[in-house]
Structure formats: structure tokens, C-alpha cells
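Next comes my_file24.cif, a file with mmCIF, C-alpha atoms.
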data_final
#
loop_
_atom_site.label_atom_id
_atom_site.label_comp_id
_atom_site.auth_asym_id
_atom_site.auth_seq_id
_atom_site.Cartn_x
_atom_site.Cartn_y
_atom_site.Cartn_z
CA MET A 1 -21.45 -30.06 91.01
CA SER A 2 -18.52 -27.69 90.75
CA THR A 3 -18.58 -24.34 88.94
CA THR A 4 -15.73 -23.98 86.48
CA ILE A 5 -14.08 -20.58 86.07
CA ASP A 6 -11.63 -20.43 83.17
CA THR A 7 -9.28 -17.47 83.71
CA ARG A 8 -6.75 -18.48 81.07
CA GLY A 9 -5.66 -15.49 79.02
CA PHE A 10 -6.84 -12.94 81.56
CA SER A 11 -4.39 -10.70 83.38
CA CYS A 12 -4.53 -9.59 86.98
CA PRO A 13 -6.81 -8.69 88.64
CA GLN A 14 -9.39 -10.29 86.33
CA PRO A 15 -8.90 -13.89 87.53
CA VAL A 16 -9.53 -12.89 91.14
CA LEU A 17 -12.55 -10.82 90.17
CA MET A 18 -13.98 -13.67 88.10
CA PHE A 19 -13.64 -15.96 91.10
CA LEU A 20 -15.19 -13.39 93.46
CA ASN A 21 -18.12 -12.85 91.11
CA ALA A 22 -18.73 -16.60 91.14
CA VAL A 23 -18.60 -16.62 94.96
CA LYS A 24 -21.08 -13.76 95.03
CA ALA A 25 -23.48 -15.83 92.93
CA ASP A 26 -23.00 -18.94 95.05
CA ASP A 27 -20.91 -18.70 98.17
CA HIS A 28 -20.87 -22.44 98.89
CA GLY A 29 -19.00 -23.63 95.84
CA PRO A 30 -17.25 -25.86 95.05
CA PHE A 31 -15.32 -24.16 92.28
CA CYS A 32 -12.78 -25.28 89.74
CA VAL A 33 -10.57 -22.43 88.60
CA LEU A 34 -8.12 -22.70 85.71
CA VAL A 35 -5.17 -20.28 85.75
CA ASP A 36 -2.22 -19.97 83.44
CA ASN A 37 0.29 -17.94 85.47
CA ASP A 38 1.83 -17.94 88.94
CA ALA A 39 0.48 -14.53 89.94
CA SER A 40 -3.10 -15.62 89.27
CA LEU A 41 -2.47 -18.89 91.09
CA GLU A 42 -1.30 -17.02 94.19
CA ASN A 43 -3.95 -14.33 94.04
CA VAL A 44 -6.92 -16.62 93.48
CA SER A 45 -5.69 -19.01 96.19
CA ARG A 46 -5.31 -16.12 98.60
CA ALA A 47 -8.74 -14.72 97.81
CA ALA A 48 -10.28 -18.16 98.33
CA ARG A 49 -8.54 -18.79 101.67
CA ASN A 50 -9.48 -15.33 102.91
CA ARG A 51 -13.09 -16.35 102.42
CA GLY A 52 -12.84 -19.62 104.27
CA PHE A 53 -12.29 -21.95 101.32
CA SER A 54 -9.67 -24.64 101.05
CA VAL A 55 -7.62 -24.84 97.88
CA GLU A 56 -6.01 -27.81 96.20
CA THR A 57 -3.88 -27.30 93.14
CA SER A 58 -2.87 -29.66 90.37
CA ALA A 59 -0.78 -29.11 87.25
CA GLU A 60 -2.44 -29.51 83.89
CA ALA A 61 -0.99 -29.38 80.38
CA ASP A 62 0.52 -26.27 78.79
CA GLY A 63 1.39 -24.46 82.00
CA VAL A 64 -2.18 -24.45 83.27
CA THR A 65 -2.93 -25.04 86.94
CA ARG A 66 -6.26 -26.22 88.22
CA LEU A 67 -7.50 -25.03 91.59
CA ASP A 68 -10.19 -27.07 93.31
CA ILE A 69 -11.79 -24.75 95.81
CA SER A 70 -14.30 -25.88 98.42
CA LYS A 71 -15.66 -24.79 101.75
CA GLN A 72 -13.59 -25.97 104.71
CA MET B 1 -24.31 51.04 66.24
CA THR B 2 -24.47 52.99 69.41
CA GLN B 3 -22.36 52.06 72.39
CA SER B 4 -22.99 52.83 76.00
CA ARG B 5 -21.02 55.91 76.94
CA SER B 6 -20.77 54.71 80.55
CA GLN B 7 -19.00 51.47 79.52
CA ASN B 8 -16.55 52.83 77.01
CA SER B 9 -15.69 56.34 78.03
CA PRO B 10 -11.99 57.18 78.04
CA MET B 11 -12.21 57.94 81.76
CA ARG B 12 -13.55 54.47 82.55
CA THR B 13 -10.82 52.87 80.44
CA LEU B 14 -8.17 54.87 82.25
CA ALA B 15 -9.70 53.98 85.63
CA ARG B 16 -9.65 50.29 84.73
CA LYS B 17 -6.00 50.43 83.76
CA LEU B 18 -5.07 52.30 86.93
CA ARG B 19 -6.93 49.71 89.03
CA GLY B 20 -4.86 47.04 87.34
CA LEU B 21 -1.66 48.78 88.34
CA PHE B 22 -2.57 49.21 91.97
CA THR B 23 -4.51 46.03 92.69
CA PRO B 24 -2.31 43.43 94.46
CA GLY B 25 -1.27 40.87 91.83
CA GLY B 26 -2.68 43.06 89.16
CA LYS B 27 -6.01 42.56 87.48
CA LYS B 28 -5.48 40.16 84.64
CA SER B 29 -7.68 39.26 81.77
CA ALA B 30 -8.92 35.67 81.62
CA GLY B 31 -6.68 35.02 78.63
CA GLU B 32 -3.59 36.36 80.36
CA ALA B 33 -4.38 34.34 83.49
CA ARG B 34 -4.62 31.20 81.38
CA ARG B 35 -1.29 31.95 79.70
CA LEU B 36 0.39 32.54 83.05
CA ASN B 37 -1.07 29.36 84.49
CA LYS B 38 0.11 27.35 81.53
CA LYS B 39 3.55 28.91 81.84
CA ALA B 40 3.66 27.94 85.53
CA CYS B 41 2.73 24.38 84.64
CA ASP B 42 5.40 24.31 81.96
CA ASP B 43 8.19 25.69 84.22
CA ARG B 44 9.04 22.31 85.53
CA GLY B 45 12.15 20.27 85.29
CA LEU B 46 12.29 16.51 85.17
CA LEU B 47 14.96 14.39 86.79
CA VAL B 48 15.56 11.18 84.91
CA PHE B 49 17.23 8.27 86.67
CA GLU B 50 18.39 4.88 85.53
CA HIS B 51 16.76 3.00 88.38
CA THR B 52 13.58 3.37 90.37
CA GLY B 53 15.58 3.10 93.59
CA GLU B 54 17.28 6.36 92.72
CA VAL B 55 13.90 8.00 92.15
CA ILE B 56 12.79 6.94 95.61
CA ARG B 57 15.96 8.29 97.24
CA ALA B 58 15.81 11.52 95.28
CA GLU B 59 12.19 12.12 96.25
CA ARG B 60 13.00 11.56 99.92
CA LEU B 61 16.11 13.75 99.93
CA LEU B 62 14.43 16.59 98.09
CA ARG B 63 11.32 16.53 100.28
CA GLU B 64 13.47 16.45 103.42
CA ALA B 65 15.18 19.56 102.05
CA GLY B 66 11.78 21.25 101.85
CA LEU B 67 11.50 21.15 98.06
CA ASP B 68 8.20 20.63 96.34
CA VAL B 69 8.66 17.62 94.07
CA GLU B 70 6.38 15.05 92.58
CA VAL B 71 6.99 11.61 91.19
CA LYS B 72 5.34 11.21 87.79
CA GLY B 73 5.35 8.83 84.90
CA PRO B 74 7.94 9.70 82.26
CA PRO B 75 6.92 11.14 78.89
CA PRO B 76 7.43 8.57 76.10
CA GLN B 77 10.61 10.32 74.90
CA LEU B 78 12.28 9.84 78.28
CA ARG B 79 11.54 6.23 79.05
CA THR B 80 14.78 4.63 80.15
CA GLY B 81 13.33 1.51 81.68
CA CYS B 82 12.61 3.27 84.95
CA ASP B 83 8.90 3.94 85.27
CA MET B 84 9.21 7.23 87.12
CA VAL B 85 10.68 10.72 86.90
CA VAL B 86 10.89 13.42 89.56
CA ALA B 87 9.24 16.70 88.59
CA PHE B 88 10.43 19.86 90.28
CA GLU B 89 10.05 23.61 89.86
CA LEU B 90 12.75 24.86 87.52
CA VAL B 91 13.34 27.91 89.66
CA ASN B 92 14.77 25.51 92.29
CA GLN B 93 17.09 23.70 89.92
CA LEU B 94 20.33 24.76 91.59
CA ARG B 95 19.07 23.77 95.02
CA VAL B 96 17.79 20.45 93.65
CA GLN B 97 21.16 19.64 92.14
CA GLU B 98 22.93 20.63 95.35
CA VAL B 99 20.76 18.34 97.45
CA LEU B 100 21.21 15.43 95.07
CA ALA B 101 24.97 15.91 94.87
CA ARG B 102 25.20 15.94 98.69
CA GLY B 103 23.19 12.73 98.72
CA GLY B 104 25.48 11.11 96.19
CA LEU B 105 22.83 10.99 93.50
CA ALA B 106 23.49 11.91 89.88
CA PRO B 107 20.48 11.93 87.56
CA LYS B 108 20.96 10.45 84.13
CA ASP B 109 19.40 13.60 82.72
CA VAL B 110 17.79 16.84 83.81
CA VAL B 111 15.41 18.34 81.30
CA SER B 112 12.99 21.19 81.17
CA ALA B 113 9.50 20.00 80.41
CA ASN B 114 8.84 23.24 78.59
CA ASP B 115 11.89 23.21 76.29
CA VAL B 116 11.22 19.91 74.68
CA LEU B 117 7.45 19.84 75.04
CA LEU B 118 7.68 16.97 77.45
CA GLU B 119 4.74 16.40 79.66
CA PRO B 120 5.07 13.83 82.39
CA VAL B 121 2.10 11.59 82.68
CA SER B 122 0.15 10.68 85.70
CA LEU B 123 1.78 7.89 87.62
CA PHE B 124 -1.62 6.34 88.13
CA GLN B 125 -4.12 4.47 86.10
CA VAL B 126 -7.51 4.23 87.73
CA LYS B 127 -10.12 1.82 86.44
CA ARG B 128 -13.56 0.83 87.51
CA LEU B 129 -14.38 -2.75 86.69
CA GLU B 130 -17.87 -4.18 86.38
CA GLY B 131 -19.28 -1.39 88.53
CA ARG B 132 -17.97 -3.00 91.70
CA TRP B 133 -14.20 -3.01 91.69
CA LEU B 134 -11.83 -0.07 91.82
CA MET B 135 -8.34 -0.73 90.56
CA VAL B 136 -5.41 1.65 90.83
CA ARG B 137 -2.15 1.01 89.10
CA ALA B 138 1.06 2.87 89.91
CA ALA B 139 4.06 1.94 87.79
CA ASN B 140 4.19 -1.86 87.95
CA MET B 141 1.86 -2.45 90.91
CA LYS B 142 -1.90 -2.81 91.00
CA ILE B 143 -4.25 -2.74 93.95
CA THR B 144 -7.94 -3.59 93.63
CA LEU B 145 -10.73 -2.73 96.02
CA ASP B 146 -14.26 -4.10 96.34
CA GLU B 147 -16.29 -0.90 96.56
CA THR B 148 -19.28 -2.66 98.10
CA ASP B 149 -17.45 -3.36 101.35
CA GLY B 150 -14.24 -1.33 101.05
CA ARG B 151 -11.97 -4.35 101.25
CA ILE B 152 -8.76 -4.87 99.33
CA VAL B 153 -9.28 -7.93 97.15
CA ASN B 154 -6.11 -8.12 95.11
CA ILE B 155 -2.55 -6.88 94.91
CA SER B 156 -0.41 -7.80 91.98
CA GLY B 157 2.50 -6.83 89.80
CA GLY B 158 6.23 -6.53 90.30
CA GLY B 159 8.76 -9.23 90.88
CA CYS B 160 10.14 -8.20 94.24
CA PRO B 161 10.26 -11.05 96.75
CA ASP B 162 8.14 -9.30 99.36
CA VAL B 163 5.09 -8.81 97.12
CA PRO B 164 3.36 -12.09 98.08
CA TRP B 165 3.94 -11.35 101.76
CA VAL B 166 2.62 -7.79 101.48
CA ALA B 167 -0.37 -9.01 99.49
CA HIS B 168 -1.07 -11.62 102.16
CA GLN B 169 -1.02 -8.91 104.82
CA LEU B 170 -3.30 -6.52 102.97
CA CYS B 171 -5.81 -8.57 101.00
CA GLY B 172 -9.09 -9.00 102.85
CA LEU B 173 -8.62 -5.90 104.99
CA LYS B 174 -10.72 -2.80 104.75
CA LEU B 175 -8.75 0.01 103.16
CA GLU B 176 -8.99 2.26 106.19
CA GLN B 177 -7.71 -0.50 108.47
CA ALA B 178 -4.92 -1.69 106.21
CA PRO B 179 -1.32 -0.86 107.13
CA GLU B 180 0.63 1.18 104.63
CA PRO B 181 2.64 -0.98 102.22
CA LEU B 182 5.88 0.79 103.05
CA SER B 183 5.43 -0.24 106.67
CA LEU B 184 5.55 -3.85 105.50
CA GLY B 185 8.26 -3.85 102.87
CA GLN B 186 11.03 -1.67 101.58
CA THR B 187 11.47 -2.77 97.99
CA LEU B 188 10.79 -0.85 94.82
CA CYS B 189 7.58 -2.79 94.35
CA CYS B 190 6.46 -1.73 97.82
CA TYR B 191 7.19 1.85 96.95
CA SER B 192 5.03 1.64 93.81
CA LEU B 193 2.35 -0.13 95.81
CA GLN B 194 2.48 2.62 98.42
CA LYS B 195 1.79 5.18 95.71
CA ALA B 196 -1.12 3.13 94.41
CA PHE B 197 -2.43 2.68 97.94
CA GLU B 198 -2.33 6.43 98.59
CA GLU B 199 -4.12 7.13 95.31
CA LEU B 200 -6.76 4.53 96.14
CA ARG B 201 -7.38 6.31 99.44
CA ARG B 202 -7.67 9.63 97.62
CA GLN B 203 -10.15 8.12 95.14
CA ARG B 204 -12.27 6.77 98.00
CA ALA B 205 -12.06 10.00 99.96
CA CYS B 206 -13.28 11.93 96.93
CA GLY B 207 -16.19 9.53 96.67
CA ALA B 208 -15.05 8.90 93.12
#

Take the structure in the file and write it out as C-alpha cells.
Amino acid sequence: MSTTIDTRGFSCPQPVLMFLNAVKADDHGPFCVLVDNDASLENVSRAARNRGFSVETSAEADGVTRLDISKQ
Amino acid sequence: MTQSRSQNSPMRTLARKLRGLFTPGGKKSAGEARRLNKKACDDRGLLVFEHTGEVIRAERLLREAGLDVEVKGPPPQLRTGCDMVVAFELVNQLRVQEVLARGGLAPKDVVSANDVLLEPVSLFQVKRLEGRWLMVRAANMKITLDETDGRIVNISGGGCPDVPWVAHQLCGLKLEQAPEPLSLGQTLCCYSLQKAFEELRRQRACGA
């Protein structure tokens, strides 16, 4: 069961920190992160890959991107 | 009310005044010292440029010439779209202008901070988030550190094309092992990030 982290409306670095807090609580994941800007997309993806997760992205409505993050 | 003769005798007053004349630097009252210190702080000029690139060049040229300058945030009245001004000691104004002219740089404006009650602001914004993260912002760039393990967790801001690359190089590294941003990129964003990086190191070194 994936943990959803909704970072829409938050500016950097909050989305990354929200994701890292979730990883601290459960470092296995999987996680579903919603972002609404390119900077957050890049930064959350980077933070996830740095910690050994794989990231798949998909476009949602209204400029939102969904990141499905799971352990490699 | 009686007063102590030993504290207020004319001879003691005269002796105090004579000491003030002959002591190196003079003996100043606390109030006078404060006024002089404030005056020293106010005797600064500010160089205002149109573009941040000019600020970077000016800082380098002036420092290479041995001048004591500091990049600061502009006071609200001087915001031209460039996020930085160069503060210098007014007593060096002629030398500053000489160095800039030789370097082909012409500031948009040169003002005295004292004359117009302008006070440049700190270039940095430092924030602690959720008791674990330390974020430093300089101009348009932010760098965030996880204080529990000293690792850089995020770099953001700016629109320069090298920002993602620099972020990729730095995120995940411990601050003391991370290369300096200006060793990785040469854009304006990298310059701002370098400033933030240096301030982050200072904050950590102070144990703040």
C-alpha cells in the first residue's frame, strides 16, 4: 500500500522535505508523490534516486505530475 | 546629598581629561563610542548595477585590487531587478571608481548609504525547518541541509541551465565533502549558490 504525499501548493524545499520525512517514517515505501511544478519534480526525483529508489512519472490533470517511487 | 570628594574633586576630573588626551585612541565615553561606531557603519557607499553579472565582476575586480567590499541585498529603494549591490567604504570611493573604470564597468548608480538612509540588507535568509533542516537562501538560490547527518538534501531556485547539473553533483553529499558550486558552474545562479553555500558552512561552523 503506497503512501501518498501531496506537495501541491508547496514551494521548494518543502516538497523534498515532505518526501524525506515520509522516508524517515518508512524507508521501504512505496510512495506516491504529487507535484505541481518542474523544480519539485526534479528535486523530489533526485532525492528519491539518491536514496536508492526508482521513480516513474506520469502526467495528471492541471499541470500535476505523479511520481511513483519504490525501492529498486 | 553628599558626594564623595575622591570621585568628584576637580583634580580627579582634570586627571581624567588629561588621560583621555594622552591615551592612544583617546578614552571615549560609551555613548561617544556608539556614535562613532554607527558613523563607521553608515560611511558606506553602494554600487548599483543593472545586472547581477556586473556585480560579480565588480566584486572580483575590487577584491583583486585589495579593496574591502561586500555583496549585500539592496535596500527596497534601490531595487533595479538585480538582487545585489556592492557595499564599499566611502573613503575609498575614488579608488573604487578607478578600478571599475579600468575594468570597463560603469555602475548604474553610486550612493552613500548614510545620505539617503539606505541600509543594505543581508544577502541571506536562514531558516530552520521542522527542527531538522537548515535552509539558506542567497538571492534566488536556496540550499537545504539535513542537520542530522550534515548532507545537502536540496538545491533550488534560479533558471540558469546548469542548476540541475550542479544540484545533481551536490545533493546527497556531506557539506564538508561537497565541491564548491563555483567549481562546477559559472553562471549567475552558481554565484548566488556559492554565496548560500558559504553561509551554510558558516552557520554550521558556528554550531548555529

Per residue of chain B within 10 Å of chain A, which atom pair is closest and at what distance in Å (one decimal), using all atoms listed in the file, listed by chain and increasing number, as a Markdown table?
| residue | atom | partner | partner_atom | distance |
| --- | --- | --- | --- | --- |
| B:Leu129 | CA | A:Leu17 | CA | 9.0 |
| B:Glu130 | CA | A:Leu17 | CA | 9.3 |
| B:Arg132 | CA | A:Leu17 | CA | 9.6 |
| B:Trp133 | CA | A:Leu17 | CA | 8.1 |
| B:Met135 | CA | A:Pro13 | CA | 8.3 |
| B:Lys142 | CA | A:Pro13 | CA | 8.0 |
| B:Ile143 | CA | A:Pro13 | CA | 8.4 |
| B:Thr144 | CA | A:Pro13 | CA | 7.2 |
| B:Asp146 | CA | A:Leu17 | CA | 9.3 |
| B:Ile152 | CA | A:Ala47 | CA | 10.0 |
| B:Val153 | CA | A:Ala47 | CA | 6.8 |
| B:Asn154 | CA | A:Pro13 | CA | 6.5 |
| B:Ile155 | CA | A:Asn43 | CA | 7.6 |
| B:Ser156 | CA | A:Cys12 | CA | 6.7 |
| B:Gly157 | CA | A:Ala39 | CA | 8.0 |
| B:Gly158 | CA | A:Ala39 | CA | 9.9 |
| B:Gly159 | CA | A:Ala39 | CA | 9.9 |
| B:Pro164 | CA | A:Glu42 | CA | 7.8 |
| B:Ala167 | CA | A:Asn43 | CA | 8.4 |
| B:His168 | CA | A:Arg46 | CA | 7.1 |
| B:Cys171 | CA | A:Ala47 | CA | 7.5 |
| B:Gly172 | CA | A:Asn50 | CA | 6.3 |
| B:Leu173 | CA | A:Asn50 | CA | 9.7 |

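Note that the spacing between atom CA of Arg44 of chain B and atom CA of Gln77 of chain B amounts to 16.1 Å.
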
Explicit residue set for the PyMOL selection byres ((chain B and resi 201) around 12), as a ChimeraX atom specification: /B:126,134-136,143-145,147,150-152,174-178,180,194-200,202-208

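The environment of Gly29 of chain A within 10 Å, counting only C-alpha atoms and disregarding residues fewer than 5 places along the same chain, consists of Met1, Ser2, Thr3, Thr4, Ala22, Val23, Phe53, Asp68, Ile69, Ser70 and Lys71 of chain A.
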
Taking the file as I've supplied it (selection: the PyMOL selection byres ((chain B and resi 84) around 10)), which residues are included? Please answer as a compact mmCIF listing (two decimals) with C-alpha atoms, in the coordinates of the input.
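Result written to selection-v5.txt:
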# COMPACT_ATOMS: atom_id res chain seq x y z
CA LEU B 46 12.29 16.51 85.17
CA LEU B 47 14.96 14.39 86.79
CA VAL B 48 15.56 11.18 84.91
CA PHE B 49 17.23 8.27 86.67
CA GLU B 50 18.39 4.88 85.53
CA HIS B 51 16.76 3.00 88.38
CA THR B 52 13.58 3.37 90.37
CA GLY B 53 15.58 3.10 93.59
CA GLU B 54 17.28 6.36 92.72
CA VAL B 55 13.90 8.00 92.15
CA ILE B 56 12.79 6.94 95.61
CA GLU B 70 6.38 15.05 92.58
CA VAL B 71 6.99 11.61 91.19
CA LYS B 72 5.34 11.21 87.79
CA GLY B 73 5.35 8.83 84.90
CA PRO B 74 7.94 9.70 82.26
CA PRO B 75 6.92 11.14 78.89
CA LEU B 78 12.28 9.84 78.28
CA ARG B 79 11.54 6.23 79.05
CA THR B 80 14.78 4.63 80.15
CA GLY B 81 13.33 1.51 81.68
CA CYS B 82 12.61 3.27 84.95
CA ASP B 83 8.90 3.94 85.27
CA VAL B 85 10.68 10.72 86.90
CA VAL B 86 10.89 13.42 89.56
CA ALA B 87 9.24 16.70 88.59
CA PRO B 120 5.07 13.83 82.39
CA VAL B 121 2.10 11.59 82.68
CA SER B 122 0.15 10.68 85.70
CA LEU B 123 1.78 7.89 87.62
CA ALA B 138 1.06 2.87 89.91
CA ALA B 139 4.06 1.94 87.79
CA SER B 192 5.03 1.64 93.81

Would you kindly return, as a PyMOL selection string, each protein, DNA or RNA residue with an atom no farther than 9 Å from any atom of Val69 of chain B, considering all atoms listed in the file and excluding same-chain residues fewer than 6 positions away? chain B and resi 59+62-63+86-89

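Those DNA, RNA and protein residues that approach the point (-13.8, -18.2, 82.4) to within 10 Å, considering only C-alpha atoms, are Thr4, Ile5, Asp6, Thr7, Arg8, Gly9, Phe10, Gln14, Pro15, Met18, Phe19, Val33, Leu34 and Val35 of chain A.
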
Output C-alpha atoms of each residue in that selection to a file, as a short mmCIF file (atom, residue, chain, number, x, y, z; two decimals), keeping the file's coordinate frame.
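Printed below is result14.cif as written:
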data_model
loop_
_atom_site.label_atom_id
_atom_site.label_comp_id
_atom_site.auth_asym_id
_atom_site.auth_seq_id
_atom_site.Cartn_x
_atom_site.Cartn_y
_atom_site.Cartn_z
CA THR A 4 -15.73 -23.98 86.48
CA ILE A 5 -14.08 -20.58 86.07
CA ASP A 6 -11.63 -20.43 83.17
CA THR A 7 -9.28 -17.47 83.71
CA ARG A 8 -6.75 -18.48 81.07
CA GLY A 9 -5.66 -15.49 79.02
CA PHE A 10 -6.84 -12.94 81.56
CA GLN A 14 -9.39 -10.29 86.33
CA PRO A 15 -8.90 -13.89 87.53
CA MET A 18 -13.98 -13.67 88.10
CA PHE A 19 -13.64 -15.96 91.10
CA VAL A 33 -10.57 -22.43 88.60
CA LEU A 34 -8.12 -22.70 85.71
CA VAL A 35 -5.17 -20.28 85.75
#

Expressed in Å, the length from atom CA of Ser45 of chain A to atom CA of Val166 of chain B is 14.9 Å

Which value, in Å to one decimal, gives the distance between atom CA of Gln169 of chain B and atom CA of Leu184 of chain B?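 Computed distance, atom CA of Gln169 of chain B to atom CA of Leu184 of chain B, equals 8.3 Å.
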
Given the PyMOL selection byres ((chain A and resi 64) around 9) and the file above, list the residues it selects as an NGL selection string. :A and (8 or 34-37 or 58-63 or 65-66)
